[in-house]
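Structure data (compact mmCIF, C-alpha atoms) from coords-v9.txt:
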# COMPACT_ATOMS: atom_id res chain seq x y z
CA MET A 24 0.00 0.00 0.00
CA THR A 25 1.64 3.21 -1.14
CA LEU A 26 0.97 6.90 -0.81
CA HIS A 27 0.63 7.49 -4.56
CA ASN A 28 -2.93 6.09 -4.43
CA ALA A 29 -4.03 8.32 -1.56
CA ASP A 30 -6.40 10.97 -2.91
CA GLU A 31 -9.29 9.68 -0.81
CA TYR A 32 -7.23 10.00 2.37
CA ASN A 33 -5.60 13.38 1.96
CA ASN A 34 -8.51 15.06 3.77
CA PRO A 35 -9.22 13.13 7.01
CA THR A 36 -12.11 15.45 7.93
CA LEU A 37 -13.89 14.75 4.65
CA TYR A 38 -13.14 11.05 5.04
CA ASP A 39 -14.85 10.99 8.43
CA LYS A 40 -17.84 12.94 7.17
CA GLU A 41 -18.41 10.33 4.51
CA ASN A 42 -17.41 7.16 6.37
CA GLU A 43 -17.55 7.47 10.15
CA ALA A 44 -21.25 6.58 10.30
CA HIS A 45 -20.54 3.17 8.77
CA GLN A 46 -20.33 0.93 11.82
CA ALA A 47 -21.82 -2.38 10.61
CA ASP A 48 -18.47 -4.14 10.95
CA VAL A 49 -17.92 -3.17 14.60
CA PRO A 50 -20.33 -5.70 16.23
CA PHE A 51 -18.81 -8.42 14.04
CA LEU A 52 -15.28 -7.49 15.15
CA LEU A 53 -16.39 -7.31 18.78
CA LYS A 54 -17.78 -10.83 18.52
CA TRP A 55 -14.39 -12.15 17.45
CA ALA A 56 -12.55 -9.97 19.96
CA THR A 57 -14.38 -11.72 22.81
CA GLN A 58 -12.88 -15.03 21.64
CA GLN A 59 -9.26 -13.82 21.67
CA GLN A 60 -6.75 -12.60 24.20
CA GLY A 61 -4.15 -9.87 24.13
CA ILE A 62 -3.54 -6.94 21.81
CA ILE A 63 -5.67 -6.52 18.69
CA ILE A 64 -4.10 -5.01 15.55
CA ASP A 65 -6.13 -2.82 13.19
CA LEU A 66 -4.31 -2.51 9.86
CA ALA A 67 -4.98 0.46 7.57
CA CYS A 68 -6.85 1.90 10.54
CA GLY A 69 -7.31 5.36 9.02
CA THR A 70 -8.86 7.78 11.48
CA GLY A 71 -9.77 4.97 13.86
CA ARG A 72 -13.32 4.39 12.64
CA ALA A 73 -13.24 0.76 13.82
CA THR A 74 -10.29 1.01 16.22
CA ILE A 75 -11.82 3.47 18.65
CA PRO A 76 -15.13 1.59 19.22
CA LEU A 77 -13.21 -1.57 20.13
CA ALA A 78 -10.99 0.41 22.51
CA GLN A 79 -14.15 1.85 24.08
CA HIS A 80 -15.16 -1.72 24.90
CA GLY A 81 -11.96 -2.20 26.86
CA TYR A 82 -9.76 -3.96 24.30
CA GLU A 83 -6.09 -3.08 23.82
CA LEU A 84 -5.56 -1.86 20.26
CA ILE A 85 -2.69 -1.02 17.94
CA GLY A 86 -3.75 1.01 14.91
CA VAL A 87 -1.40 0.94 11.93
CA ASP A 88 -1.59 3.13 8.83
CA ILE A 89 0.77 4.56 6.23
CA HIS A 90 -1.03 7.92 6.08
CA ASN A 91 0.30 10.34 8.67
CA ALA A 92 -2.62 12.78 8.43
CA MET A 93 -5.16 10.00 9.02
CA LEU A 94 -3.24 8.84 12.09
CA ASP A 95 -3.05 12.39 13.45
CA GLU A 96 -6.84 12.59 13.27
CA ALA A 97 -7.16 9.17 14.93
CA LYS A 98 -4.91 10.31 17.78
CA LYS A 99 -7.04 13.41 18.35
CA LYS A 100 -10.24 11.39 18.43
CA ALA A 101 -8.78 8.86 20.86
CA GLU A 102 -7.47 11.60 23.15
CA ASN A 103 -10.85 13.35 23.11
CA ALA A 104 -12.45 10.07 24.15
CA ASN A 105 -9.78 9.54 26.84
CA LEU A 106 -8.68 6.28 25.22
CA SER A 107 -5.23 4.75 25.16
CA VAL A 108 -4.49 3.38 21.68
CA GLU A 109 -1.04 2.87 20.19
CA TRP A 110 -0.92 4.45 16.73
CA ILE A 111 1.93 3.40 14.43
CA GLU A 112 2.84 4.81 11.02
CA GLN A 113 4.00 1.87 8.92
CA ASP A 114 3.40 0.17 5.60
CA CYS A 115 1.06 -2.74 6.42
CA SER A 116 2.91 -4.97 3.97
CA LYS A 117 6.20 -4.40 5.82
CA LEU A 118 5.15 -4.53 9.47
CA GLN A 119 7.79 -4.45 12.18
CA LEU A 120 5.83 -4.46 15.43
CA ASN A 121 8.02 -6.85 17.46
CA MET A 122 4.97 -8.67 18.80
CA LYS A 123 2.33 -11.22 17.85
CA SER A 124 -1.43 -11.01 18.14
CA HIS A 125 -4.33 -13.44 18.23
CA LEU A 126 -6.53 -11.09 16.18
CA ILE A 127 -5.63 -8.84 13.25
CA TYR A 128 -8.15 -7.17 10.98
CA THR A 129 -8.32 -4.68 8.13
CA VAL A 130 -11.74 -3.37 7.13
CA GLY A 131 -13.23 -0.70 4.86
CA ASN A 132 -12.12 -2.79 1.84
CA SER A 133 -8.51 -1.81 2.53
CA PHE A 134 -7.37 -5.11 1.03
CA GLN A 135 -8.16 -3.64 -2.41
CA HIS A 136 -5.38 -1.06 -2.06
CA PHE A 137 -2.78 -3.78 -2.59
CA LEU A 138 -2.75 -3.64 -6.36
CA THR A 139 -0.31 -6.34 -7.46
CA ASN A 140 0.26 -10.03 -6.71
CA GLU A 141 3.48 -9.08 -4.94
CA ALA A 142 1.76 -6.45 -2.79
CA GLN A 143 -0.98 -8.89 -1.77
CA ASP A 144 1.56 -11.57 -0.89
CA ASN A 145 3.60 -9.08 1.11
CA LEU A 146 0.53 -8.00 3.07
CA LEU A 147 -0.55 -11.55 3.88
CA SER A 148 2.99 -12.60 4.74
CA SER A 149 3.29 -9.59 7.04
CA VAL A 150 -0.02 -10.43 8.73
CA ASN A 151 1.00 -14.07 9.10
CA HIS A 152 4.30 -13.07 10.72
CA HIS A 153 2.45 -11.04 13.37
CA LEU A 154 -0.23 -13.64 14.13
CA GLU A 155 0.03 -16.47 16.61
CA VAL A 156 -0.63 -19.92 15.17
CA GLY A 157 -4.40 -20.35 15.40
CA GLY A 158 -4.83 -16.57 15.35
CA ILE A 159 -7.59 -14.92 13.30
CA PHE A 160 -7.30 -12.49 10.40
CA ILE A 161 -10.48 -10.70 9.27
CA PHE A 162 -10.80 -8.56 6.15
CA ASP A 163 -13.35 -7.47 3.57
CA THR A 164 -13.18 -6.78 -0.14
CA ARG A 165 -15.75 -5.91 -2.78
CA PHE A 166 -17.22 -8.79 -4.77
CA PRO A 167 -16.08 -8.73 -8.42
CA SER A 168 -19.55 -8.90 -9.93
CA ALA A 169 -20.22 -7.83 -13.52
CA GLU A 170 -22.39 -4.99 -12.20
CA GLU A 171 -19.54 -3.75 -10.03
CA LEU A 172 -16.79 -4.00 -12.61
CA PHE A 173 -18.40 -3.11 -15.91
CA GLN A 174 -19.92 0.23 -15.07
CA PRO A 175 -20.18 2.76 -17.90
CA PRO A 176 -17.11 5.05 -18.08
CA THR A 177 -19.32 8.11 -17.68
CA GLU A 178 -20.33 10.23 -14.71
CA GLU A 179 -22.90 8.24 -12.71
CA TYR A 180 -24.85 9.34 -9.61
CA TRP A 181 -23.86 7.32 -6.53
CA ARG A 182 -25.34 8.83 -3.37
CA SER A 183 -26.05 12.03 -1.40
CA TYR A 184 -25.36 13.16 2.14
CA ILE A 185 -25.65 16.32 4.25
CA ASP A 186 -22.37 17.98 5.13
CA CYS A 187 -22.39 18.24 8.93
CA ASP A 188 -20.57 21.60 8.93
CA SER A 189 -22.22 23.55 6.13
CA GLN A 190 -25.52 21.63 6.30
CA LYS A 191 -25.44 21.57 2.50
CA LYS A 192 -26.50 18.57 0.50
CA VAL A 193 -23.60 16.90 -1.30
CA ASP A 194 -24.31 14.78 -4.38
CA VAL A 195 -21.63 12.20 -5.12
CA TYR A 196 -20.91 10.91 -8.61
CA THR A 197 -18.38 8.38 -9.87
CA ILE A 198 -16.59 7.63 -13.11
CA SER A 199 -15.04 4.15 -13.39
CA ASN A 200 -12.79 2.38 -15.85
CA TYR A 201 -11.90 -1.29 -15.43
CA ASP A 202 -8.51 -2.59 -16.53
CA ILE A 203 -9.37 -6.25 -17.18
CA LEU A 204 -5.80 -7.50 -17.61
CA ASN A 205 -4.68 -6.18 -14.23
CA GLN A 206 -8.05 -6.49 -12.44
CA LEU A 207 -7.87 -2.83 -11.47
CA GLN A 208 -10.82 -0.46 -11.24
CA HIS A 209 -9.88 3.21 -11.64
CA TYR A 210 -12.41 5.47 -9.89
CA THR A 211 -12.93 9.20 -9.97
CA THR A 212 -15.29 10.44 -7.25
CA ILE A 213 -16.91 13.85 -7.78
CA ARG A 214 -18.68 15.70 -4.98
CA LYS A 215 -21.08 18.50 -5.99
CA PHE A 216 -22.34 20.91 -3.34
CA GLU A 217 -25.95 22.12 -3.34
CA ASN A 218 -26.53 25.69 -4.63
CA SER A 219 -22.86 26.05 -5.42
CA THR A 220 -20.42 25.64 -8.28
CA GLU A 221 -17.99 24.03 -5.85
CA GLU A 222 -16.82 20.55 -6.77
CA HIS A 223 -14.27 18.24 -5.17
CA SER A 224 -12.79 15.28 -7.04
CA THR A 225 -10.56 12.41 -5.94
CA ASN A 226 -9.05 9.44 -7.73
CA ILE A 227 -8.38 5.95 -6.50
CA THR A 228 -7.46 2.57 -7.97
CA LEU A 229 -8.71 -0.69 -6.44
CA ARG A 230 -7.78 -4.33 -7.10
CA TYR A 231 -10.55 -6.92 -7.43
CA VAL A 232 -9.96 -10.57 -6.53
CA TYR A 233 -12.15 -13.53 -7.47
CA PRO A 234 -13.21 -16.06 -4.78
CA LYS A 235 -11.17 -19.01 -6.06
CA GLU A 236 -8.18 -16.75 -6.62
CA MET A 237 -8.49 -15.56 -3.01
CA GLU A 238 -8.74 -19.13 -1.75
CA ARG A 239 -5.42 -20.04 -3.36
CA LEU A 240 -3.81 -16.76 -2.26
CA LEU A 241 -4.70 -17.29 1.39
CA GLU A 242 -3.66 -20.94 1.39
CA ALA A 243 -0.28 -20.06 -0.13
CA ASN A 244 0.32 -17.58 2.69
CA GLY A 245 -0.42 -19.97 5.55
CA PHE A 246 -4.14 -19.37 6.16
CA THR A 247 -7.26 -21.49 6.08
CA ILE A 248 -10.64 -19.88 5.46
CA LYS A 249 -13.03 -20.40 8.35
CA HIS A 250 -15.92 -18.32 7.00
CA ILE A 251 -16.84 -16.22 3.96
CA TYR A 252 -19.82 -13.86 4.23
CA GLN A 253 -21.36 -11.27 1.94
CA ASP A 254 -22.21 -8.86 4.75
CA TRP A 255 -21.48 -8.22 8.41
CA ASN A 256 -24.69 -10.05 9.38
CA GLU A 257 -22.97 -13.30 8.35
CA THR A 258 -25.06 -13.94 5.24
CA PRO A 259 -23.40 -16.64 3.10
CA VAL A 260 -21.83 -15.43 -0.15
CA THR A 261 -23.99 -15.72 -3.27
CA ASN A 262 -23.57 -14.74 -6.91
CA ASP A 263 -25.45 -11.53 -6.09
CA ALA A 264 -23.03 -10.46 -3.34
CA TYR A 265 -21.65 -6.96 -3.08
CA ALA A 266 -18.82 -7.86 -0.68
CA MET A 267 -16.76 -10.77 0.58
CA ILE A 268 -15.88 -10.86 4.28
CA TYR A 269 -13.18 -13.37 5.17
CA VAL A 270 -12.45 -14.89 8.56
CA CYS A 271 -9.13 -16.73 8.28
CA GLU A 272 -7.01 -18.75 10.68
CA LYS A 273 -3.23 -18.94 10.62
CA ILE A 274 -2.30 -22.62 10.28
CA LYS A 275 1.42 -22.27 9.60

As structure tokens:
Amino acid sequence: MTLHNADEYNNPTLYDKENEAHQADVPFLLKWATQQQGIIIDLACGTGRATIPLAQHGYELIGVDIHNAMLDEAKKKAENANLSVEWIEQDCSKLQLNMKSHLIYTVGNSFQHFLTNEAQDNLLSSVNHHLEVGGIFIFDTRFPSAEELFQPPTEEYWRSYIDCDSQKKVDVYTISNYDILNQLQHYTTIRKFENSTEEHSTNITLRYVYPKEMERLLEANGFTIKHIYQDWNETPVTNDAYAMIYVCEKIK
């Protein structure tokens, strides 16, 4: 995961406005946290969207991210909540934490930021190195459905929200182009503010992985798949899925 693909994360305040309300993964993570002991590691933790709620439940957390500005915001939020969380600026594919955990997770589809076979292997190897044998690794990634991948390369409406500061409605549009050979989706996200000519655009590239490809990838890096779901309510994956949520165990 490198900083060249970081448009979406250059403005932590905007990131929180658009993402902090998404908490569906937190109860799922808490369920697995109750079954483990010791420090929990949140990789690509961002501004602590999922880290801080687990810390509020009394768990000891390390949050790791490569983006300094996102970590600075996470630190502020934790301090304001009077929480003790260790925040570490590192590349998640080259972790050097000098410890092992029984539970590591990366959510918010962060797995898709590892754009090459080498980057994916490095991430999983890094996670494996920091997990105890029998430890659990949880992550999510978008399902590579035809509807998801083969969107028209034109500006398409996605969603709207109310900016909490200005109280203005923000309409969000996307433009996507899928590179089939490399399994990379290039997204431009355009935010248009109500009654204004103001627009804000960001670019990001995401890697899509097919289920059988993921199965082989995880096995090659010392994991067995315990569960695959299509949502945080533990619905089994179907051909109509939007996401794949993996619960993996380190076996070697």

Quick one: residues within 12 Å of Glu170 of chain A, all atoms listed in the file, excluding same-chain residues fewer than 6 positions away - as a PyMOL selection string? chain A and resi 199+201+262-265

Box centre and edge lengths (Å, one decimal), axis-aligned, segment 211-229 of chain A plus 6 Å each side, as AutoDock Vina command-line options:
--center_x -17.0 --center_y 12.7 --center_z -6.7 --size_x 31.1 --size_y 38.7 --size_z 18.6

Using all atoms listed in the file, which residues sit within 12 Å of Asn145 of chain A once same-chain residues fewer than 3 positions away are excluded, as a compact mmCIF listing (two decimals) with C-alpha atoms, in the frame of the given file?
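Contents of selection_4.txt, as written:
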# COMPACT_ATOMS: atom_id res chain seq x y z
CA MET A 24 0.00 0.00 0.00
CA ASP A 114 3.40 0.17 5.60
CA CYS A 115 1.06 -2.74 6.42
CA SER A 116 2.91 -4.97 3.97
CA LYS A 117 6.20 -4.40 5.82
CA LEU A 118 5.15 -4.53 9.47
CA PHE A 134 -7.37 -5.11 1.03
CA PHE A 137 -2.78 -3.78 -2.59
CA LEU A 138 -2.75 -3.64 -6.36
CA THR A 139 -0.31 -6.34 -7.46
CA ASN A 140 0.26 -10.03 -6.71
CA GLU A 141 3.48 -9.08 -4.94
CA ALA A 142 1.76 -6.45 -2.79
CA SER A 148 2.99 -12.60 4.74
CA SER A 149 3.29 -9.59 7.04
CA VAL A 150 -0.02 -10.43 8.73
CA ASN A 151 1.00 -14.07 9.10
CA HIS A 152 4.30 -13.07 10.72
CA LEU A 240 -3.81 -16.76 -2.26
CA LEU A 241 -4.70 -17.29 1.39
CA ALA A 243 -0.28 -20.06 -0.13
CA ASN A 244 0.32 -17.58 2.69

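Nearest residue to Leu146 of chain A, choosing from A:Tyr233, A:Lys215, A:Val195, A:Leu66 and counting all atoms listed in the file: A:Leu66.
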
Mind dumping a table of every segment 91-186 of chain A residue within 12 Å of segment 29-33 of chain A, with the nearest atom pair and its distance in Å to one decimal, using only C-alpha atoms, sorted by chain and rising number, as JSON lines?
{"residue": "A:Asn91", "atom": "CA", "partner": "A:Asn33", "partner_atom": "CA", "distance": 9.4}
{"residue": "A:Ala92", "atom": "CA", "partner": "A:Asn33", "partner_atom": "CA", "distance": 7.1}
{"residue": "A:Met93", "atom": "CA", "partner": "A:Tyr32", "partner_atom": "CA", "distance": 7.0}
{"residue": "A:Leu94", "atom": "CA", "partner": "A:Tyr32", "partner_atom": "CA", "distance": 10.6}
{"residue": "A:Asp95", "atom": "CA", "partner": "A:Asn33", "partner_atom": "CA", "distance": 11.8}
{"residue": "A:Glu96", "atom": "CA", "partner": "A:Tyr32", "partner_atom": "CA", "distance": 11.2}
{"residue": "A:Ser133", "atom": "CA", "partner": "A:Ala29", "partner_atom": "CA", "distance": 11.8}
{"residue": "A:His136", "atom": "CA", "partner": "A:Ala29", "partner_atom": "CA", "distance": 9.5}

Using C-alpha atoms, can you write the selected residues to a file as an mmCIF file, in the coordinates of the input?
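Saved result, again-v2.cif, follows:
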data_model
loop_
_atom_site.group_PDB
_atom_site.id
_atom_site.type_symbol
_atom_site.label_atom_id
_atom_site.label_comp_id
_atom_site.auth_asym_id
_atom_site.auth_seq_id
_atom_site.Cartn_x
_atom_site.Cartn_y
_atom_site.Cartn_z
ATOM 1 C CA ASN A 91 0.300 10.340 8.670
ATOM 2 C CA ALA A 92 -2.620 12.780 8.430
ATOM 3 C CA MET A 93 -5.160 10.000 9.020
ATOM 4 C CA LEU A 94 -3.240 8.840 12.090
ATOM 5 C CA ASP A 95 -3.050 12.390 13.450
ATOM 6 C CA GLU A 96 -6.840 12.590 13.270
ATOM 7 C CA SER A 133 -8.510 -1.810 2.530
ATOM 8 C CA HIS A 136 -5.380 -1.060 -2.060
#

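In this model, the gap between atom CA of Asp186 of chain A and atom CA of Leu37 of chain A comes to 9.1 Å.
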
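Using only C-alpha atoms, the nearest neighbour of Ala67 of chain A within the list A:Tyr128, A:Tyr38, A:Tyr82, A:Tyr180 is A:Tyr128.
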
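Take the candidates A:Ile213, A:Val193, A:Leu84, A:Val270 and check each one against Glu238 of chain A using all atoms listed in the file; the shortest distance goes to A:Val270.
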
Which neighbours of Trp110 of chain A fall inside 7 Å, counting all atoms listed in the file, when residues of the same chain fewer than 5 positions from it are skipped, and could you give them as a VMD selection string? chain A and resid 85 to 87 94

With all atoms listed in the file as the counted atoms, please give the residues lying no more than 8 Å from Gly131 of chain A, apart from itself and same-chain residues fewer than 2 positions off, as an MDAnalysis selection string. chainID A and resid 129 133 163:164

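The two atoms in question, atom CA of Ala73 of chain A and atom CA of Leu53 of chain A, are spaced 10.0 Å apart.
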
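The residue set within 12 Å of Gln190 of chain A, counting only C-alpha atoms and dropping same-chain residues fewer than 6 places from it, reads A:Lys40, A:Tyr184, A:Phe216, A:Glu217, A:Asn218.
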
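Straight-line separation from atom CA of Thr212 of chain A to atom CA of Thr228 of chain A: 11.1 Å.
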
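Of the residues under consideration (A:Lys99, A:Pro234, A:Leu154, A:Ile89), A:Ile89 shows the shortest atom-to-atom contact distance to Ile111 of chain A when counting all atoms listed in the file.
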
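With all atoms listed in the file as the atoms that count, the minimum distance from Asn42 of chain A to the choices A:Gln174, A:Gln58, A:Thr70, A:Gln206 is reached by A:Thr70.
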
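Distances from A:Thr261, A:Ser224, A:Ser168, A:Asn132 to Tyr196 of chain A were compared using only C-alpha atoms, and the smallest one belongs to A:Ser224.
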